file model03.txt (compact mmCIF, N, CA and C atoms)
# COMPACT_ATOMS: atom_id res chain seq x y z
N MET I 1 191.92 -8.98 45.41
CA MET I 1 192.95 -9.26 46.40
C MET I 1 193.51 -10.66 46.19
N LYS I 2 192.60 -11.62 45.98
CA LYS I 2 193.05 -13.00 45.81
C LYS I 2 193.90 -13.13 44.55
N ALA I 3 193.52 -12.42 43.48
CA ALA I 3 194.29 -12.48 42.25
C ALA I 3 195.68 -11.90 42.46
N LEU I 4 195.76 -10.84 43.24
CA LEU I 4 197.06 -10.23 43.53
C LEU I 4 197.94 -11.19 44.31
N LEU I 5 197.37 -11.84 45.32
CA LEU I 5 198.16 -12.75 46.14
C LEU I 5 198.62 -13.98 45.36
N THR I 6 197.83 -14.43 44.41
CA THR I 6 198.26 -15.59 43.64
C THR I 6 199.22 -15.19 42.53
N SER I 7 199.14 -13.95 42.06
CA SER I 7 200.03 -13.54 40.97
C SER I 7 201.44 -13.25 41.46
N ILE I 8 201.60 -12.82 42.70
CA ILE I 8 202.92 -12.49 43.22
C ILE I 8 203.81 -13.73 43.32
N PRO I 9 203.33 -14.84 43.94
CA PRO I 9 204.20 -16.02 43.96
C PRO I 9 204.51 -16.54 42.56
N LEU I 10 203.56 -16.41 41.63
CA LEU I 10 203.81 -16.86 40.26
C LEU I 10 204.90 -16.02 39.61
N ALA I 11 204.89 -14.72 39.88
CA ALA I 11 205.91 -13.83 39.32
C ALA I 11 207.28 -14.17 39.89
N ALA I 12 207.34 -14.49 41.18
CA ALA I 12 208.61 -14.86 41.80
C ALA I 12 209.10 -16.18 41.24
N ALA I 13 208.18 -17.12 41.02
CA ALA I 13 208.57 -18.42 40.48
C ALA I 13 209.04 -18.29 39.04
N SER I 14 208.38 -17.45 38.25
CA SER I 14 208.80 -17.29 36.86
C SER I 14 210.15 -16.60 36.78
N ALA I 15 210.42 -15.65 37.71
CA ALA I 15 211.72 -14.99 37.73
C ALA I 15 212.80 -15.99 38.12
N ALA I 16 212.50 -16.89 39.03
CA ALA I 16 213.48 -17.89 39.46
C ALA I 16 213.74 -18.89 38.34
N SER I 17 212.69 -19.26 37.59
CA SER I 17 212.89 -20.22 36.51
C SER I 17 213.63 -19.59 35.34
N ALA I 18 213.57 -18.28 35.22
CA ALA I 18 214.26 -17.59 34.13
C ALA I 18 215.73 -17.37 34.47
N GLY I 19 216.16 -17.80 35.64
CA GLY I 19 217.55 -17.66 36.01
C GLY I 19 217.82 -16.47 36.91
N ALA I 20 216.84 -15.58 37.08
CA ALA I 20 217.02 -14.42 37.95
C ALA I 20 216.74 -14.83 39.39
N GLN I 21 217.49 -14.25 40.27
CA GLN I 21 217.26 -14.55 41.68
C GLN I 21 216.15 -13.65 42.19
N PRO I 22 215.13 -14.25 42.86
CA PRO I 22 214.06 -13.41 43.40
C PRO I 22 214.60 -12.56 44.54
N ASP I 23 214.13 -11.33 44.61
CA ASP I 23 214.60 -10.45 45.67
C ASP I 23 213.89 -10.76 46.99
N TYR I 24 214.33 -10.11 48.04
CA TYR I 24 213.82 -10.38 49.38
C TYR I 24 212.33 -10.06 49.47
N LEU I 25 211.92 -8.94 48.87
CA LEU I 25 210.53 -8.52 48.97
C LEU I 25 209.59 -9.54 48.33
N SER I 26 209.93 -10.00 47.14
CA SER I 26 209.04 -10.97 46.49
C SER I 26 209.01 -12.29 47.25
N THR I 27 210.14 -12.66 47.85
CA THR I 27 210.16 -13.88 48.66
C THR I 27 209.30 -13.71 49.90
N ALA I 28 209.41 -12.55 50.55
CA ALA I 28 208.62 -12.29 51.75
C ALA I 28 207.13 -12.24 51.42
N VAL I 29 206.79 -11.59 50.31
CA VAL I 29 205.38 -11.50 49.92
C VAL I 29 204.85 -12.88 49.57
N SER I 30 205.67 -13.68 48.94
CA SER I 30 205.27 -15.04 48.60
C SER I 30 205.00 -15.85 49.86
N GLY I 31 205.89 -15.73 50.84
CA GLY I 31 205.70 -16.44 52.10
C GLY I 31 204.47 -15.95 52.83
N PHE I 32 204.24 -14.62 52.82
CA PHE I 32 203.06 -14.08 53.46
C PHE I 32 201.79 -14.58 52.78
N ALA I 33 201.81 -14.68 51.46
CA ALA I 33 200.64 -15.17 50.73
C ALA I 33 200.35 -16.62 51.10
N GLU I 34 201.40 -17.41 51.28
CA GLU I 34 201.20 -18.81 51.71
C GLU I 34 200.56 -18.87 53.09
N VAL I 35 201.10 -18.08 54.01
CA VAL I 35 200.56 -18.07 55.37
C VAL I 35 199.12 -17.58 55.34
N LEU I 36 198.84 -16.55 54.56
CA LEU I 36 197.48 -16.03 54.47
C LEU I 36 196.53 -17.10 53.93
N GLY I 37 196.98 -17.87 52.96
CA GLY I 37 196.15 -18.95 52.43
C GLY I 37 195.86 -20.01 53.47
N ILE I 38 196.85 -20.33 54.29
CA ILE I 38 196.67 -21.32 55.35
C ILE I 38 195.70 -20.78 56.40
N VAL I 39 195.89 -19.52 56.79
CA VAL I 39 195.02 -18.92 57.81
C VAL I 39 193.60 -18.81 57.29
N ARG I 40 193.46 -18.45 56.02
CA ARG I 40 192.12 -18.29 55.45
C ARG I 40 191.34 -19.60 55.49
N SER I 41 192.02 -20.72 55.37
CA SER I 41 191.33 -22.00 55.35
C SER I 41 191.30 -22.67 56.72
N ASN I 42 191.91 -22.08 57.73
CA ASN I 42 191.98 -22.71 59.04
C ASN I 42 191.29 -21.81 60.07
N ILE I 43 190.11 -22.22 60.51
CA ILE I 43 189.33 -21.42 61.44
C ILE I 43 190.04 -21.28 62.79
N LEU I 44 190.75 -22.30 63.22
CA LEU I 44 191.46 -22.20 64.50
C LEU I 44 192.56 -21.15 64.44
N ALA I 45 193.23 -21.04 63.32
CA ALA I 45 194.26 -20.01 63.16
C ALA I 45 193.63 -18.63 63.19
N GLN I 46 192.46 -18.48 62.59
CA GLN I 46 191.77 -17.19 62.60
C GLN I 46 191.37 -16.81 64.02
N ILE I 47 190.87 -17.78 64.77
CA ILE I 47 190.49 -17.51 66.16
C ILE I 47 191.71 -17.15 66.99
N ALA I 48 192.82 -17.86 66.79
CA ALA I 48 194.04 -17.59 67.55
C ALA I 48 194.57 -16.19 67.25
N ILE I 49 194.56 -15.79 65.98
CA ILE I 49 195.03 -14.45 65.61
C ILE I 49 194.11 -13.38 66.18
N GLY I 50 192.82 -13.60 66.12
CA GLY I 50 191.87 -12.65 66.70
C GLY I 50 192.04 -12.52 68.21
N LEU I 51 192.24 -13.63 68.88
CA LEU I 51 192.45 -13.63 70.33
C LEU I 51 193.74 -12.91 70.68
N PHE I 52 194.79 -13.16 69.92
CA PHE I 52 196.07 -12.49 70.15
C PHE I 52 195.92 -10.98 69.99
N ALA I 53 195.22 -10.54 68.94
CA ALA I 53 195.02 -9.11 68.71
C ALA I 53 194.20 -8.48 69.83
N PHE I 54 193.20 -9.20 70.32
CA PHE I 54 192.36 -8.70 71.41
C PHE I 54 193.18 -8.54 72.69
N ILE I 55 193.98 -9.53 73.03
CA ILE I 55 194.81 -9.48 74.24
C ILE I 55 195.85 -8.37 74.11
N ALA I 56 196.45 -8.22 72.94
CA ALA I 56 197.44 -7.16 72.73
C ALA I 56 196.79 -5.78 72.91
N ALA I 57 195.57 -5.61 72.41
CA ALA I 57 194.88 -4.33 72.55
C ALA I 57 194.58 -4.03 74.02
N ILE I 58 194.16 -5.03 74.77
CA ILE I 58 193.89 -4.83 76.19
C ILE I 58 195.17 -4.47 76.93
N MET I 59 196.26 -5.17 76.64
CA MET I 59 197.52 -4.88 77.31
C MET I 59 197.99 -3.47 76.98
N LEU I 60 197.84 -3.04 75.74
CA LEU I 60 198.23 -1.69 75.34
C LEU I 60 197.38 -0.66 76.07
N TYR I 61 196.09 -0.90 76.18
CA TYR I 61 195.20 0.02 76.89
C TYR I 61 195.61 0.13 78.36
N LEU I 62 195.86 -1.00 79.00
CA LEU I 62 196.23 -0.99 80.42
C LEU I 62 197.55 -0.26 80.64
N ARG I 63 198.45 -0.36 79.70
CA ARG I 63 199.75 0.29 79.84
C ARG I 63 199.67 1.80 79.58
N MET I 64 198.76 2.23 78.74
CA MET I 64 198.71 3.62 78.32
C MET I 64 197.72 4.47 79.13
N ARG I 65 196.77 3.87 79.83
CA ARG I 65 195.77 4.67 80.52
C ARG I 65 196.40 5.46 81.66
N SER I 66 195.69 6.49 82.08
CA SER I 66 196.21 7.38 83.11
C SER I 66 195.77 6.88 84.49
N THR I 67 196.67 6.16 85.15
CA THR I 67 196.43 5.73 86.53
C THR I 67 197.60 6.24 87.37
N ALA I 68 197.43 6.18 88.67
CA ALA I 68 198.49 6.64 89.56
C ALA I 68 199.76 5.82 89.33
N ALA I 69 199.62 4.52 89.21
CA ALA I 69 200.80 3.66 89.02
C ALA I 69 201.49 3.96 87.69
N ASN I 70 200.71 4.12 86.61
CA ASN I 70 201.31 4.42 85.31
C ASN I 70 201.98 5.78 85.31
N ASN I 71 201.35 6.77 85.96
CA ASN I 71 201.96 8.09 86.01
C ASN I 71 203.23 8.10 86.85
N MET I 72 203.27 7.32 87.91
CA MET I 72 204.50 7.22 88.70
C MET I 72 205.60 6.53 87.88
N ARG I 73 205.23 5.52 87.10
CA ARG I 73 206.21 4.87 86.23
C ARG I 73 206.76 5.86 85.21
N ARG I 74 205.87 6.65 84.63
CA ARG I 74 206.32 7.66 83.66
C ARG I 74 207.22 8.71 84.34
N ALA I 75 206.88 9.07 85.58
CA ALA I 75 207.70 10.03 86.32
C ALA I 75 209.09 9.46 86.58
N ARG I 76 209.17 8.19 86.97
CA ARG I 76 210.48 7.55 87.19
C ARG I 76 211.30 7.52 85.92
N ASN I 77 210.66 7.19 84.81
CA ASN I 77 211.37 7.15 83.52
C ASN I 77 211.88 8.53 83.13
N ALA I 78 211.03 9.55 83.27
CA ALA I 78 211.43 10.91 82.91
C ALA I 78 212.55 11.39 83.83
N HIS I 79 212.44 11.07 85.12
CA HIS I 79 213.48 11.49 86.07
C HIS I 79 214.82 10.80 85.75
N GLY I 80 214.76 9.51 85.43
CA GLY I 80 215.98 8.79 85.06
C GLY I 80 216.64 9.38 83.83
N LYS I 81 215.83 9.72 82.84
CA LYS I 81 216.36 10.35 81.63
C LYS I 81 216.97 11.71 81.96
N ALA I 82 216.33 12.47 82.88
CA ALA I 82 216.85 13.77 83.28
C ALA I 82 218.20 13.62 83.98
N VAL I 83 218.33 12.61 84.82
CA VAL I 83 219.60 12.38 85.51
C VAL I 83 220.70 12.08 84.50
N GLU I 84 220.39 11.23 83.51
CA GLU I 84 221.38 10.91 82.47
C GLU I 84 221.81 12.17 81.72
N LEU I 85 220.84 13.00 81.36
CA LEU I 85 221.16 14.23 80.63
C LEU I 85 221.95 15.20 81.49
N HIS I 86 221.60 15.28 82.77
CA HIS I 86 222.33 16.15 83.70
C HIS I 86 223.79 15.71 83.83
N GLU I 87 223.99 14.40 83.96
CA GLU I 87 225.35 13.88 84.09
C GLU I 87 226.17 14.07 82.82
N SER I 88 225.51 14.11 81.68
CA SER I 88 226.23 14.32 80.42
C SER I 88 226.44 15.81 80.12
N GLY I 89 225.87 16.68 80.97
CA GLY I 89 226.09 18.12 80.80
C GLY I 89 225.01 18.83 80.02
N ASN I 90 223.95 18.16 79.64
CA ASN I 90 222.88 18.77 78.86
C ASN I 90 221.79 19.26 79.82
N GLU I 91 222.06 20.40 80.44
CA GLU I 91 221.18 20.92 81.50
C GLU I 91 219.80 21.33 80.97
N GLU I 92 219.76 21.91 79.79
CA GLU I 92 218.50 22.40 79.25
C GLU I 92 217.51 21.25 79.02
N GLU I 93 217.98 20.19 78.39
CA GLU I 93 217.12 19.02 78.16
C GLU I 93 216.78 18.34 79.48
N ALA I 94 217.73 18.29 80.40
CA ALA I 94 217.49 17.67 81.71
C ALA I 94 216.37 18.40 82.43
N LEU I 95 216.36 19.71 82.36
CA LEU I 95 215.33 20.49 83.04
C LEU I 95 213.94 20.16 82.48
N LYS I 96 213.84 19.98 81.16
CA LYS I 96 212.55 19.61 80.55
C LYS I 96 212.06 18.29 81.10
N HIS I 97 212.96 17.31 81.25
CA HIS I 97 212.56 16.00 81.75
C HIS I 97 212.23 16.04 83.24
N TYR I 98 212.95 16.86 84.02
CA TYR I 98 212.61 17.02 85.43
C TYR I 98 211.20 17.61 85.57
N GLU I 99 210.88 18.60 84.73
CA GLU I 99 209.54 19.20 84.78
C GLU I 99 208.46 18.21 84.38
N LYS I 100 208.76 17.41 83.37
CA LYS I 100 207.81 16.39 82.93
C LYS I 100 207.59 15.37 84.05
N ALA I 101 208.67 14.98 84.74
CA ALA I 101 208.55 14.03 85.86
C ALA I 101 207.67 14.62 86.95
N ASN I 102 207.83 15.91 87.25
CA ASN I 102 207.00 16.55 88.27
C ASN I 102 205.53 16.58 87.85
N GLU I 103 205.26 16.81 86.57
CA GLU I 103 203.88 16.80 86.08
C GLU I 103 203.25 15.42 86.28
N PHE I 104 203.99 14.37 85.96
CA PHE I 104 203.46 13.02 86.15
C PHE I 104 203.24 12.71 87.62
N ARG I 105 204.12 13.16 88.50
CA ARG I 105 203.95 12.95 89.94
C ARG I 105 202.70 13.66 90.45
N GLU I 106 202.49 14.90 89.98
CA GLU I 106 201.31 15.65 90.39
C GLU I 106 200.04 14.95 89.92
N LYS I 107 200.04 14.44 88.67
CA LYS I 107 198.87 13.69 88.17
C LYS I 107 198.61 12.48 89.04
N ALA I 108 199.66 11.76 89.41
CA ALA I 108 199.50 10.57 90.25
C ALA I 108 198.93 10.94 91.60
N GLN I 109 199.42 12.02 92.20
CA GLN I 109 198.91 12.45 93.51
C GLN I 109 197.44 12.86 93.41
N ASN I 110 197.06 13.54 92.34
CA ASN I 110 195.66 13.94 92.15
C ASN I 110 194.75 12.75 91.97
N GLU I 111 195.25 11.70 91.33
CA GLU I 111 194.44 10.51 91.13
C GLU I 111 194.27 9.72 92.43
N LEU I 112 195.23 9.83 93.32
CA LEU I 112 195.12 9.15 94.61
C LEU I 112 194.23 9.90 95.59
N ALA I 113 194.11 11.21 95.38
CA ALA I 113 193.32 12.03 96.32
C ALA I 113 191.84 11.94 96.04

call {"tool": "encode", "arguments": {"input": "model03.txt", "output": "structure tokens"}}
result
Amino acid sequence: MKALLTSIPLAAASAASAGAQPDYLSTAVSGFAEVLGIVRSNILAQIAIGLFAFIAAIMLYLRMRSTAANNMRRARNAHGKAVELHESGNEEEALKHYEKANEFREKAQNELA
């Protein structure tokens, strides 16, 4: 892995010195390799990235789990989409979203009971 990361910036540099313009991908990979090298040698950066990933995972879990509040939010979103489809004349798709909204409302009511 380390050999790959060091060879990519060298390839981009040799292409640039030969008069060819490096493409976006090689420039991006080169920049990523630099950042990876900095992170690899900086323990605080590693801790910050790990903490960010942990917080992001918790936030994603809280947003996706099945709770009454989340199901009511999903019902509102589905109902809003159904109203948009109904107003545009797409009754068949609107009906699917109305039914989905009702399913989410029923789930929310069952979780409250």

call {"tool": "atom_distance", "arguments": {"input": "model03.txt", "atom1": "CA of Arg105 (chain I)", "atom2": "atom N of Ser66 (chain I)"}}
result
13.1 Å

call {"tool": "atom_distance", "arguments": {"input": "model03.txt", "atom1": "atom C of Ile58 (chain I)", "atom2": "atom C of Asn70 (chain I)"}}
result
14.9 Å

call {"tool": "atom_distance", "arguments": {"input": "model03.txt", "atom1": "CA of Asp23 (chain I)", "atom2": "atom N of Ser41 (chain I)"}}
result
26.6 Å

call {"tool": "residues_around", "arguments": {"input": "model03.txt", "residues": "Phe104 (chain I)", "least_positions_apart": "2", "cutoff": "6.5 Å", "atoms": "all atoms listed in the file", "output": "number ranges by chain"}}
result
I: 71-72, 74-75, 99-102, 106-109

call {"tool": "write_last_selection", "arguments": {"input": "model03.txt", "atoms": "N, CA and C atoms", "output": "short mmCIF file (atom, residue, chain, number, x, y, z; two decimals), in the frame of the given file"}}
result
data_model
loop_
_atom_site.label_atom_id
_atom_site.label_comp_id
_atom_site.auth_asym_id
_atom_site.auth_seq_id
_atom_site.Cartn_x
_atom_site.Cartn_y
_atom_site.Cartn_z
N ASN I 71 201.35 6.77 85.96
CA ASN I 71 201.96 8.09 86.01
C ASN I 71 203.23 8.10 86.85
N MET I 72 203.27 7.32 87.91
CA MET I 72 204.50 7.22 88.70
C MET I 72 205.60 6.53 87.88
N ARG I 74 205.87 6.65 84.63
CA ARG I 74 206.32 7.66 83.66
C ARG I 74 207.22 8.71 84.34
N ALA I 75 206.88 9.07 85.58
CA ALA I 75 207.70 10.03 86.32
C ALA I 75 209.09 9.46 86.58
N GLU I 99 210.88 18.60 84.73
CA GLU I 99 209.54 19.20 84.78
C GLU I 99 208.46 18.21 84.38
N LYS I 100 208.76 17.41 83.37
CA LYS I 100 207.81 16.39 82.93
C LYS I 100 207.59 15.37 84.05
N ALA I 101 208.67 14.98 84.74
CA ALA I 101 208.55 14.03 85.86
C ALA I 101 207.67 14.62 86.95
N ASN I 102 207.83 15.91 87.25
CA ASN I 102 207.00 16.55 88.27
C ASN I 102 205.53 16.58 87.85
N GLU I 106 202.49 14.90 89.98
CA GLU I 106 201.31 15.65 90.39
C GLU I 106 200.04 14.95 89.92
N LYS I 107 200.04 14.44 88.67
CA LYS I 107 198.87 13.69 88.17
C LYS I 107 198.61 12.48 89.04
N ALA I 108 199.66 11.76 89.41
CA ALA I 108 199.50 10.57 90.25
C ALA I 108 198.93 10.94 91.60
N GLN I 109 199.42 12.02 92.20
CA GLN I 109 198.91 12.45 93.51
C GLN I 109 197.44 12.86 93.41
#

call {"tool": "closest_residue", "arguments": {"input": "model03.txt", "among": "I:Ile55, I:Val35, I:Asn42, I:His97", "to": "Glu84 (chain I)", "atoms": "only C-alpha atoms"}}
result
I:His97

call {"tool": "closest_residue", "arguments": {"input": "model03.txt", "among": "I:Leu112, I:Ala94, I:Ala82, I:Ile49", "to": "Ala68 (chain I)", "atoms": "all atoms listed in the file"}}
result
I:Leu112
